[in-house]
$ cat input_1.tsv   # TSV, C-alpha atoms
chain	number	residue	atom	x	y	z
A	587	MET	CA	231.50	38.71	229.21
A	588	PRO	CA	229.39	36.10	230.99
A	589	TYR	CA	226.54	34.36	229.20
A	590	VAL	CA	223.60	33.20	231.29
A	591	ASN	CA	220.67	31.10	230.11
A	592	VAL	CA	217.62	30.95	232.37
A	593	LYS	CA	214.99	28.31	231.58
A	594	VAL	CA	211.62	28.51	233.34
A	595	THR	CA	208.19	27.10	232.60
A	596	LYS	CA	205.93	29.30	230.46
A	597	ASP	CA	203.59	30.63	233.12
A	598	GLY	CA	202.87	34.20	232.24
A	599	VAL	CA	206.21	35.67	233.28
A	600	THR	CA	205.71	39.42	232.80
A	601	LYS	CA	207.92	41.91	230.96
A	602	GLU	CA	208.75	43.48	234.31
A	603	GLN	CA	209.76	40.16	235.87
A	604	LYS	CA	212.04	39.47	232.90
A	605	GLU	CA	213.65	42.89	233.37
A	606	GLU	CA	214.19	42.13	237.06
A	607	ILE	CA	215.76	38.73	236.32
A	608	ILE	CA	218.12	40.25	233.75
A	609	ARG	CA	219.11	43.12	236.04
A	610	GLY	CA	219.46	40.83	239.04
A	611	VAL	CA	221.65	38.21	237.37
A	612	THR	CA	223.83	40.88	235.74
A	613	ASN	CA	224.38	42.68	239.06
A	614	LEU	CA	225.13	39.40	240.80
A	615	LEU	CA	227.97	38.59	238.40
A	616	ARG	CA	229.31	42.15	238.72
A	617	ASP	CA	229.23	41.96	242.53
A	618	ILE	CA	230.62	38.43	242.93
A	619	LEU	CA	233.07	38.16	240.03
A	620	GLY	CA	233.62	41.77	239.00
A	621	LYS	CA	232.16	41.09	235.53
A	622	ASN	CA	231.39	44.06	233.30
A	623	PRO	CA	227.58	44.43	232.98
A	624	GLN	CA	227.99	45.95	229.49
A	625	THR	CA	229.06	42.59	228.06
A	626	THR	CA	226.93	40.31	230.26
A	627	VAL	CA	224.30	38.52	228.18
A	628	VAL	CA	221.21	36.91	229.73
A	629	VAL	CA	218.77	34.85	227.65
A	630	ILE	CA	215.46	33.66	229.15
A	631	ASP	CA	213.73	30.61	227.65
A	632	GLU	CA	210.11	29.97	228.54
A	633	VAL	CA	209.27	26.29	228.14
A	634	GLU	CA	205.75	24.81	227.83
A	635	THR	CA	204.82	22.64	230.82
A	636	ASP	CA	204.21	19.71	228.41
A	637	ASN	CA	207.89	19.96	227.42
A	638	TRP	CA	209.35	20.11	230.93
A	639	GLY	CA	209.84	16.92	232.89
A	640	ILE	CA	210.81	16.29	236.47
A	641	GLY	CA	210.47	13.07	238.45
A	642	GLY	CA	209.82	11.24	235.17
A	643	GLU	CA	206.62	13.10	234.31
A	644	THR	CA	205.66	16.39	232.66
A	645	VAL	CA	204.97	19.46	234.77
A	646	THR	CA	201.48	19.50	233.20
A	647	ILE	CA	200.63	16.11	234.73
A	648	ARG	CA	202.34	16.87	238.02
A	649	ARG	CA	200.38	20.10	238.47
A	650	ALA	CA	197.09	18.48	237.52
A	651	ARG	CA	197.62	15.83	240.18
A	652	GLU	CA	198.62	18.33	242.85
A	653	LYS	CA	195.39	20.25	242.31
A	654	LYS	CA	193.19	17.23	242.94
A	655	PRO	CA	191.72	17.07	246.45
B	1361	MET	CA	229.99	15.87	213.58
B	1362	PRO	CA	229.94	19.41	215.00
B	1363	TYR	CA	226.86	20.86	216.62
B	1364	VAL	CA	226.34	24.61	216.42
B	1365	ASN	CA	223.66	26.64	218.17
B	1366	VAL	CA	223.09	30.19	216.95
B	1367	LYS	CA	220.94	32.45	219.12
B	1368	VAL	CA	219.75	35.77	217.69
B	1369	THR	CA	216.95	38.14	218.57
B	1370	LYS	CA	213.64	37.48	216.80
B	1371	ASP	CA	213.69	40.26	214.23
B	1372	GLY	CA	212.20	38.85	211.09
B	1373	VAL	CA	215.14	36.71	210.03
B	1374	THR	CA	214.08	35.33	206.65
B	1375	LYS	CA	214.10	31.74	205.41
B	1376	GLU	CA	216.88	32.71	203.01
B	1377	GLN	CA	219.01	34.26	205.73
B	1378	LYS	CA	218.62	31.10	207.82
B	1379	GLU	CA	219.75	29.03	204.84
B	1380	GLU	CA	222.79	31.29	204.41
B	1381	ILE	CA	223.73	31.02	208.10
B	1382	ILE	CA	223.45	27.22	208.03
B	1383	ARG	CA	225.46	26.94	204.81
B	1384	GLY	CA	228.04	29.46	205.99
B	1385	VAL	CA	228.70	27.90	209.39
B	1386	THR	CA	228.84	24.39	207.90
B	1387	ASN	CA	231.35	25.44	205.24
B	1388	LEU	CA	233.44	27.28	207.83
B	1389	LEU	CA	233.85	24.14	209.94
B	1390	ARG	CA	234.68	22.11	206.82
B	1391	ASP	CA	237.29	24.65	205.71
B	1392	ILE	CA	238.92	25.27	209.10
B	1393	LEU	CA	238.66	21.88	210.81
B	1394	GLY	CA	237.95	19.51	207.92
B	1395	LYS	CA	234.58	18.53	209.41
B	1396	ASN	CA	232.17	16.54	207.27
B	1397	PRO	CA	229.21	18.78	206.28
B	1398	GLN	CA	226.91	15.73	206.13
B	1399	THR	CA	227.02	15.34	209.91
B	1400	THR	CA	227.26	19.02	210.87
B	1401	VAL	CA	224.13	20.17	212.69
B	1402	VAL	CA	223.18	23.85	213.05
B	1403	VAL	CA	220.21	24.96	215.15
B	1404	ILE	CA	219.03	28.58	215.10
B	1405	ASP	CA	217.07	29.94	218.07
B	1406	GLU	CA	215.19	33.21	217.65
B	1407	VAL	CA	214.69	34.91	221.01
B	1408	GLU	CA	212.12	37.64	221.78
B	1409	THR	CA	213.77	40.99	222.59
B	1410	ASP	CA	211.96	40.95	225.99
B	1411	ASN	CA	213.85	37.74	226.80
B	1412	TRP	CA	217.33	38.92	225.78
B	1413	GLY	CA	219.35	41.02	228.17
B	1414	ILE	CA	222.61	42.87	227.74
B	1415	GLY	CA	224.07	45.55	229.98
B	1416	GLY	CA	221.51	44.61	232.63
B	1417	GLU	CA	218.46	45.54	230.56
B	1418	THR	CA	216.28	43.92	227.90
B	1419	VAL	CA	216.96	44.57	224.23
B	1420	THR	CA	213.38	45.92	224.02
B	1421	ILE	CA	214.19	48.72	226.47
B	1422	ARG	CA	217.62	49.37	225.02
B	1423	ARG	CA	216.22	49.79	221.50
B	1424	ALA	CA	213.37	52.03	222.67
B	1425	ARG	CA	215.89	54.33	224.34
B	1426	GLU	CA	218.20	54.41	221.33
B	1427	LYS	CA	215.33	55.53	219.11
B	1428	LYS	CA	214.54	58.56	221.25
B	1429	PRO	CA	216.00	61.83	219.98
C	378	MET	CA	224.24	40.58	220.15
C	379	PRO	CA	224.19	37.02	218.85
C	380	TYR	CA	225.43	34.14	220.96
C	381	VAL	CA	226.91	31.15	219.18
C	382	ASN	CA	227.96	27.86	220.75
C	383	VAL	CA	230.15	25.56	218.67
C	384	LYS	CA	230.61	22.00	219.93
C	385	VAL	CA	233.30	19.84	218.33
C	386	THR	CA	235.15	16.71	219.40
C	387	LYS	CA	238.38	17.31	221.32
C	388	ASP	CA	240.92	16.54	218.62
C	389	GLY	CA	243.73	18.96	219.07
C	390	VAL	CA	241.97	22.05	217.68
C	391	THR	CA	244.70	24.70	217.70
C	392	LYS	CA	244.60	28.22	219.10
C	393	GLU	CA	244.77	29.52	215.53
C	394	GLN	CA	241.85	27.37	214.38
C	395	LYS	CA	239.78	28.63	217.30
C	396	GLU	CA	240.61	32.21	216.31
C	397	GLU	CA	239.56	31.47	212.75
C	398	ILE	CA	236.26	29.91	213.84
C	399	ILE	CA	235.46	32.89	216.09
C	400	ARG	CA	236.37	35.42	213.40
C	401	GLY	CA	234.53	33.47	210.70
C	402	VAL	CA	231.26	33.03	212.60
C	403	THR	CA	231.28	36.65	213.77
C	404	ASN	CA	231.83	37.96	210.23
C	405	LEU	CA	229.13	35.65	208.89
C	406	LEU	CA	226.50	37.10	211.23
C	407	ARG	CA	227.65	40.63	210.39
C	408	ASP	CA	227.42	39.94	206.65
C	409	ILE	CA	224.12	38.02	206.63
C	410	LEU	CA	222.14	39.70	209.44
C	411	GLY	CA	224.02	42.97	209.96
C	412	LYS	CA	224.88	42.00	213.55
C	413	ASN	CA	227.45	44.11	215.41
C	414	PRO	CA	230.68	42.09	215.86
C	415	GLN	CA	231.46	43.96	219.09
C	416	THR	CA	228.59	42.22	220.89
C	417	THR	CA	228.74	38.85	219.13
C	418	VAL	CA	229.80	36.11	221.53
C	419	VAL	CA	231.15	32.74	220.35
C	420	VAL	CA	231.88	29.92	222.78
C	421	ILE	CA	233.68	26.75	221.61
C	422	ASP	CA	233.21	23.52	223.57
C	423	GLU	CA	235.61	20.65	222.95
C	424	VAL	CA	234.01	17.33	223.84
C	425	GLU	CA	235.88	14.06	224.52
C	426	THR	CA	235.13	11.41	221.87
C	427	ASP	CA	233.88	9.10	224.68
C	428	ASN	CA	231.20	11.69	225.46
C	429	TRP	CA	229.99	12.25	221.90
C	430	GLY	CA	227.54	9.83	220.37
C	431	ILE	CA	226.23	9.48	216.83
C	432	GLY	CA	224.43	6.51	215.34
C	433	GLY	CA	223.95	5.12	218.84
C	434	GLU	CA	227.65	4.69	219.59
C	435	THR	CA	230.51	6.86	220.85
C	436	VAL	CA	232.85	8.53	218.38
C	437	THR	CA	235.69	6.61	220.08
C	438	ILE	CA	234.17	3.27	219.05
C	439	ARG	CA	233.16	4.48	215.62
C	440	ARG	CA	236.68	5.70	214.83
C	441	ALA	CA	238.31	2.51	216.15
C	442	ARG	CA	236.10	0.46	213.83
C	443	GLU	CA	236.76	2.67	210.80
C	444	LYS	CA	240.49	2.23	211.24
C	445	LYS	CA	240.32	-1.54	211.09
C	446	PRO	CA	241.19	-3.04	207.72
D	755	MET	CA	220.24	15.56	239.54
D	756	PRO	CA	220.86	15.16	235.83
D	757	TYR	CA	219.66	17.74	233.33
D	758	VAL	CA	218.78	16.55	229.84
D	759	ASN	CA	217.88	18.71	226.86
D	760	VAL	CA	216.27	17.00	223.88
D	761	LYS	CA	216.04	18.98	220.64
D	762	VAL	CA	213.86	17.65	217.83
D	763	THR	CA	212.24	19.19	214.80
D	764	LYS	CA	208.73	20.56	215.33
D	765	ASP	CA	206.69	17.84	213.64
D	766	GLY	CA	203.58	17.40	215.70
D	767	VAL	CA	205.17	15.55	218.61
D	768	THR	CA	202.18	14.64	220.80
D	769	LYS	CA	201.70	15.18	224.53
D	770	GLU	CA	201.87	11.41	224.98
D	771	GLN	CA	205.15	11.13	223.07
D	772	LYS	CA	206.64	13.89	225.22
D	773	GLU	CA	205.57	12.01	228.34
D	774	GLU	CA	207.20	8.84	227.00
D	775	ILE	CA	210.47	10.64	226.20
D	776	ILE	CA	210.60	12.19	229.67
D	777	ARG	CA	209.80	8.90	231.41
D	778	GLY	CA	212.20	6.96	229.20
D	779	VAL	CA	215.20	9.27	229.63
D	780	THR	CA	214.62	9.54	233.38
D	781	ASN	CA	214.44	5.75	233.80
D	782	LEU	CA	217.54	5.30	231.66
D	783	LEU	CA	219.63	7.53	233.94
D	784	ARG	CA	218.23	5.76	237.01
D	785	ASP	CA	219.05	2.33	235.56
D	786	ILE	CA	222.51	3.14	234.17
D	787	LEU	CA	223.85	5.67	236.67
D	788	GLY	CA	221.58	5.21	239.69
D	789	LYS	CA	220.34	8.81	239.41
D	790	ASN	CA	217.33	9.82	241.49
D	791	PRO	CA	214.31	10.37	239.18
D	792	GLN	CA	212.89	12.98	241.59
D	793	THR	CA	215.65	15.44	240.69
D	794	THR	CA	216.13	14.51	237.03
D	795	VAL	CA	215.06	17.35	234.74
D	796	VAL	CA	214.27	16.84	231.05
D	797	VAL	CA	213.52	19.77	228.73
D	798	ILE	CA	212.27	19.17	225.18
D	799	ASP	CA	212.81	21.88	222.54
D	800	GLU	CA	210.85	21.66	219.31
D	801	VAL	CA	212.68	23.49	216.52
D	802	GLU	CA	211.11	24.68	213.24
D	803	THR	CA	212.50	22.83	210.21
D	804	ASP	CA	213.60	26.21	208.75
D	805	ASN	CA	215.83	26.66	211.80
D	806	TRP	CA	217.47	23.22	211.74
D	807	GLY	CA	220.35	22.58	209.40
D	808	ILE	CA	222.18	19.41	208.49
D	809	GLY	CA	224.49	18.83	205.55
D	810	GLY	CA	224.63	22.60	205.03
D	811	GLU	CA	220.94	23.01	204.27
D	812	THR	CA	217.69	23.40	206.23
D	813	VAL	CA	215.55	20.37	206.99
D	814	THR	CA	212.74	22.16	205.11
D	815	ILE	CA	214.73	22.11	201.86
D	816	ARG	CA	216.08	18.61	202.44
D	817	ARG	CA	212.59	17.19	202.94
D	818	ALA	CA	211.14	19.00	199.93
D	819	ARG	CA	213.86	17.50	197.74
D	820	GLU	CA	213.39	13.99	199.13
D	821	LYS	CA	209.69	14.10	198.29
D	822	LYS	CA	210.33	14.86	194.64
D	823	PRO	CA	210.12	11.84	192.37
E	263	MET	CA	212.05	23.98	238.69
E	264	PRO	CA	214.16	26.52	236.84
E	265	TYR	CA	217.40	25.54	235.17
E	266	VAL	CA	220.13	28.15	234.91
E	267	ASN	CA	223.41	27.82	233.04
E	268	VAL	CA	226.11	30.38	233.79
E	269	LYS	CA	229.10	30.51	231.45
E	270	VAL	CA	232.14	32.53	232.48
E	271	THR	CA	235.77	32.52	231.44
E	272	LYS	CA	238.04	30.20	233.42
E	273	ASP	CA	239.85	32.72	235.61
E	274	GLY	CA	240.27	31.12	238.97
E	275	VAL	CA	236.68	31.42	240.15
E	276	THR	CA	236.81	30.13	243.74
E	277	LYS	CA	234.64	27.53	245.43
E	278	GLU	CA	233.17	30.31	247.57
E	279	GLN	CA	232.34	32.48	244.55
E	280	LYS	CA	230.58	29.52	242.92
E	281	GLU	CA	228.56	29.00	246.09
E	282	GLU	CA	227.60	32.68	246.08
E	283	ILE	CA	226.53	32.59	242.43
E	284	ILE	CA	224.40	29.48	243.01
E	285	ARG	CA	222.80	30.92	246.15
E	286	GLY	CA	222.28	34.32	244.53
E	287	VAL	CA	220.64	33.07	241.34
E	288	THR	CA	218.43	30.63	243.25
E	289	ASN	CA	217.23	33.34	245.64
E	290	LEU	CA	216.61	35.72	242.76
E	291	LEU	CA	214.23	33.29	241.06
E	292	ARG	CA	212.48	32.62	244.37
E	293	ASP	CA	212.05	36.35	245.03
E	294	ILE	CA	211.01	37.41	241.51
E	295	LEU	CA	209.03	34.40	240.28
E	296	GLY	CA	208.24	32.49	243.48
E	297	LYS	CA	210.22	29.46	242.27
E	298	ASN	CA	210.98	26.71	244.77
E	299	PRO	CA	214.74	26.74	245.60
E	300	GLN	CA	214.66	22.96	246.23
E	301	THR	CA	214.15	22.25	242.53
E	302	THR	CA	216.21	25.13	241.09
E	303	VAL	CA	219.29	23.83	239.28
E	304	VAL	CA	222.29	26.05	238.48
E	305	VAL	CA	225.20	24.79	236.38
E	306	ILE	CA	228.38	26.86	236.02
E	307	ASP	CA	230.62	26.31	233.00
E	308	GLU	CA	234.13	27.73	233.07
E	309	VAL	CA	235.42	28.31	229.55
E	310	GLU	CA	239.10	28.73	228.55
E	311	THR	CA	239.84	32.23	227.23
E	312	ASP	CA	241.07	30.64	223.97
E	313	ASN	CA	237.58	29.21	223.47
E	314	TRP	CA	235.62	32.40	224.17
E	315	GLY	CA	235.22	34.99	221.44
E	316	ILE	CA	233.84	38.49	221.48
E	317	GLY	CA	234.27	41.18	218.84
E	318	GLY	CA	235.56	38.50	216.46
E	319	GLU	CA	238.63	37.60	218.53
E	320	THR	CA	239.43	35.36	221.47
E	321	VAL	CA	239.48	36.75	225.00
E	322	THR	CA	243.13	35.63	225.17
E	323	ILE	CA	244.11	37.99	222.35
E	324	ARG	CA	241.87	40.78	223.57
E	325	ARG	CA	243.40	40.71	227.04
E	326	ALA	CA	246.98	40.52	225.74
E	327	ARG	CA	246.35	43.66	223.68
E	328	GLU	CA	244.71	45.53	226.54
E	329	LYS	CA	247.74	44.90	228.74
E	330	LYS	CA	250.16	46.47	226.28
E	331	PRO	CA	251.13	50.02	227.10
F	1328	MET	CA	218.28	14.35	213.46
F	1329	PRO	CA	217.69	14.89	217.17
F	1330	TYR	CA	220.33	16.48	219.36
F	1331	VAL	CA	220.44	15.46	223.00
F	1332	ASN	CA	222.62	16.98	225.72
F	1333	VAL	CA	222.95	15.04	228.97
F	1334	LYS	CA	224.52	16.85	231.92
F	1335	VAL	CA	225.52	14.83	234.99
F	1336	THR	CA	227.90	15.43	237.87
F	1337	LYS	CA	231.46	14.24	237.32
F	1338	ASP	CA	231.45	11.10	239.43
F	1339	GLY	CA	233.52	8.55	237.61
F	1340	VAL	CA	231.00	7.72	234.87
F	1341	THR	CA	232.68	4.89	232.97
F	1342	LYS	CA	233.23	4.53	229.23
F	1343	GLU	CA	230.73	1.65	229.27
F	1344	GLN	CA	228.08	3.71	231.05
F	1345	LYS	CA	228.51	6.50	228.49
F	1346	GLU	CA	228.06	3.98	225.69
F	1347	GLU	CA	224.88	2.70	227.36
F	1348	ILE	CA	223.47	6.22	227.78
F	1349	ILE	CA	224.18	7.07	224.13
F	1350	ARG	CA	222.68	3.79	222.87
F	1351	GLY	CA	219.69	4.07	225.20
F	1352	VAL	CA	218.75	7.65	224.34
F	1353	THR	CA	219.21	7.00	220.61
F	1354	ASN	CA	216.99	3.91	220.70
F	1355	LEU	CA	214.38	5.76	222.73
F	1356	LEU	CA	214.01	8.47	220.10
F	1357	ARG	CA	213.87	5.85	217.35
F	1358	ASP	CA	211.16	3.89	219.19
F	1359	ILE	CA	209.02	6.83	220.31
F	1360	LEU	CA	209.42	9.31	217.43
F	1361	GLY	CA	210.77	7.14	214.61
F	1362	LYS	CA	214.00	9.19	214.48
F	1363	ASN	CA	216.89	7.85	212.43
F	1364	PRO	CA	219.70	6.69	214.78
F	1365	GLN	CA	222.31	7.52	212.13
F	1366	THR	CA	221.72	11.25	212.56
F	1367	THR	CA	220.93	11.30	216.28
F	1368	VAL	CA	223.63	13.14	218.22
F	1369	VAL	CA	224.11	12.74	221.99
F	1370	VAL	CA	226.61	14.86	223.93
F	1371	ILE	CA	227.38	14.08	227.58
F	1372	ASP	CA	228.76	16.85	229.81
F	1373	GLU	CA	230.29	15.89	233.15
F	1374	VAL	CA	230.13	18.80	235.58
F	1375	GLU	CA	232.26	19.18	238.75
F	1376	THR	CA	230.15	19.02	241.92
F	1377	ASP	CA	231.46	22.49	242.87
F	1378	ASN	CA	229.83	23.83	239.70
F	1379	TRP	CA	226.43	22.19	240.11
F	1380	GLY	CA	223.87	23.78	242.39
F	1381	ILE	CA	220.52	22.58	243.63
F	1382	GLY	CA	218.48	23.96	246.50
F	1383	GLY	CA	220.74	27.02	246.51
F	1384	GLU	CA	223.93	25.15	247.39
F	1385	THR	CA	226.61	23.19	245.55
F	1386	VAL	CA	226.38	19.41	245.29
F	1387	THR	CA	229.78	19.30	247.06
F	1388	ILE	CA	228.33	20.93	250.18
F	1389	ARG	CA	225.09	18.98	250.03
F	1390	ARG	CA	226.91	15.65	249.86
F	1391	ALA	CA	229.31	16.56	252.67
F	1392	ARG	CA	226.34	17.35	254.91
F	1393	GLU	CA	224.46	14.18	254.01
F	1394	LYS	CA	227.46	12.09	255.01
F	1395	LYS	CA	227.61	13.53	258.50
F	1396	PRO	CA	226.02	11.34	261.20
$ encode --input "input_1.tsv" --output "C-alpha cells"
Amino acid sequence: MPYVNVKVTKDGVTKEQKEEIIRGVTNLLRDILGKNPQTTVVVIDEVETDNWGIGGETVTIRRAREKKP
Amino acid sequence: MPYVNVKVTKDGVTKEQKEEIIRGVTNLLRDILGKNPQTTVVVIDEVETDNWGIGGETVTIRRAREKKP
Amino acid sequence: MPYVNVKVTKDGVTKEQKEEIIRGVTNLLRDILGKNPQTTVVVIDEVETDNWGIGGETVTIRRAREKKP
Amino acid sequence: MPYVNVKVTKDGVTKEQKEEIIRGVTNLLRDILGKNPQTTVVVIDEVETDNWGIGGETVTIRRAREKKP
Amino acid sequence: MPYVNVKVTKDGVTKEQKEEIIRGVTNLLRDILGKNPQTTVVVIDEVETDNWGIGGETVTIRRAREKKP
Amino acid sequence: MPYVNVKVTKDGVTKEQKEEIIRGVTNLLRDILGKNPQTTVVVIDEVETDNWGIGGETVTIRRAREKKP
C-alpha cells in the first residue's frame, strides 16, 4: 500500500527510465518491507529547472554558471 | 482550514468535474468535521499516465495490455 | 488509482470521522470520475496547531485570540 | 537540509520572481533555524486556476465573479 | 537533486529498514538517471493505519477483517 | 491563496521559531507576488532524523559520524 512521490528536474526523462524507476522503487519496498507491489503507487513529478531551487538559487542559474569556463 | 490534494491521471477531466470534486470534498469536510468551507483549499494534480505507476508498471503499459484481446 | 491527501489540524478527529472521510472521498471520485474504489488511496495527516499557519500566524495564536472576550 | 514546496496559482509568475522566492525562503530558514542554504531545496508548483479550489469553488469561477460589476 | 517522499503505514519499520530504503532509492536514481547521491533527499512518512484508506475503508478495518477466520 | 509546506528535521524547533517561519514565508509571498496573507496557508512538518535521508544515508548516521573526532 505504499505511496511514493519522486520529484526530479524536467530533463528529458524517457518513458523507459520512468518505467525503470517505478519498477525499481516498487521492488525495493517489496524486498525491504514485504509490501505488496499490486497496491504500491509511484508518482513521478518532473519540475522545470526555473522552479527548482537549491543553495538559494534556481537550477537554471546554477547550471548556466557551471557551464561557464 | 483543511488542505486537500487530489492526484488523478490526466485523462481529460473536465472543468465541470473539477468543480464537482472541489465542491464535494469541501462539503464533506464541513459535514464530517465542521470545517469552514471558506478556508478549505483543494488542489487537483493531473498526472501523465507515463508518470503514474501501480503494480510496478506505468498506467500507460497497464492500459495497453488490458486493451489487448 | 487516485491518491488523495487530506491535511487537517490535530483536534481529536475520531476513528469514525476518519472512516467517514475515507469513504466519502473514495465514493466522490467513483461518482464523479468513475474511479475504481479498490485502488483509491486516501491519507489523512493531522497537523499540530503550532505547525499550521494562516494569515501569517499559527492556528494556536489565532484560536487563543478568538476566545478572548 | 530543509525541503520546501510552494504552490501558487499559474498566473505568469516570472523567472525573476521565482528566483526571489527561492532566495527568500532559503535565507529565512538560515536566519531562523540556522539551516545550511547549500542543502535547502525549494520546489515551486504552479497550479491552473481550474485545479485550485477555495470556498468550495475553483479560483477560475471566483475570479470571474469578482470581476463582474 | 531529486526529492523522494515514501509513505508507508506505521508498522514498526526499523532503523535498519529505513536506512536500506534511503540507500536503495538514492542508488536507483543514480543508476537510472545519473543523479548525484549527495543532493538526493529521501523523506519517509509513517502513517497510522487509522489514517490510511484504500478501497474506501481504513487499513485498520481492512486488516481486522482479513484476520477473521 | 498559496499553500506552502516546510519540511525540517525534528530538532526542537520552538513555538516562536514556527511563528517566525509562518510569518516570514507569508510576508515573502505578499511582497514578491502580491498574495493575500489572509488566505496563505503554511504547514510545517518535523521529520525524525531516522526518516530523513541525504547522500544515501539517514541524518542520524551522518550526524553521528560528523561528531566523531
$ closest_residue --input "input_1.tsv" --among "F:Glu1384, F:Ile1359, F:Arg1350, F:Thr1341" --to "chain D" --atoms "only C-alpha atoms"
F:Ile1359
$ atom_distance --input "input_1.tsv" --atom1 "CA of Thr302 (chain E)" --atom2 "CA of Tyr589 (chain A)"
18.3 Å
$ interface_residues --input "input_1.tsv" --of "chain C" --to "chain F" --cutoff "8 Å" --atoms "only C-alpha atoms" --output "PyMOL selection string"
chain C and resi 424+427-435
$ write_last_selection --input "input_1.tsv" --atoms "C-alpha atoms" --output "PDB file, in the coordinates of the input"
ATOM      1  CA  VAL C 424     234.010  17.330 223.840  1.00  0.00           C
ATOM      2  CA  ASP C 427     233.880   9.100 224.680  1.00  0.00           C
ATOM      3  CA  ASN C 428     231.200  11.690 225.460  1.00  0.00           C
ATOM      4  CA  TRP C 429     229.990  12.250 221.900  1.00  0.00           C
ATOM      5  CA  GLY C 430     227.540   9.830 220.370  1.00  0.00           C
ATOM      6  CA  ILE C 431     226.230   9.480 216.830  1.00  0.00           C
ATOM      7  CA  GLY C 432     224.430   6.510 215.340  1.00  0.00           C
ATOM      8  CA  GLY C 433     223.950   5.120 218.840  1.00  0.00           C
ATOM      9  CA  GLU C 434     227.650   4.690 219.590  1.00  0.00           C
ATOM     10  CA  THR C 435     230.510   6.860 220.850  1.00  0.00           C
TER      11      THR C 435
END
$ atom_distance --input "input_1.tsv" --atom1 "CA of Lys444 (chain C)" --atom2 "CA of Leu1388 (chain B)"
26.2 Å
$ atom_distance --input "input_1.tsv" --atom1 "CA of Gly788 (chain D)" --atom2 "CA of Lys1362 (chain F)"
26.6 Å
$ axis_aligned_box --input "input_1.tsv" --around "region 628-635 of chain A" --padding-each-side "4 Å" --output "AutoDock Vina command-line options"
--center_x 213.0 --center_y 29.8 --center_z 229.2 --size_x 24.4 --size_y 22.3 --size_z 11.2
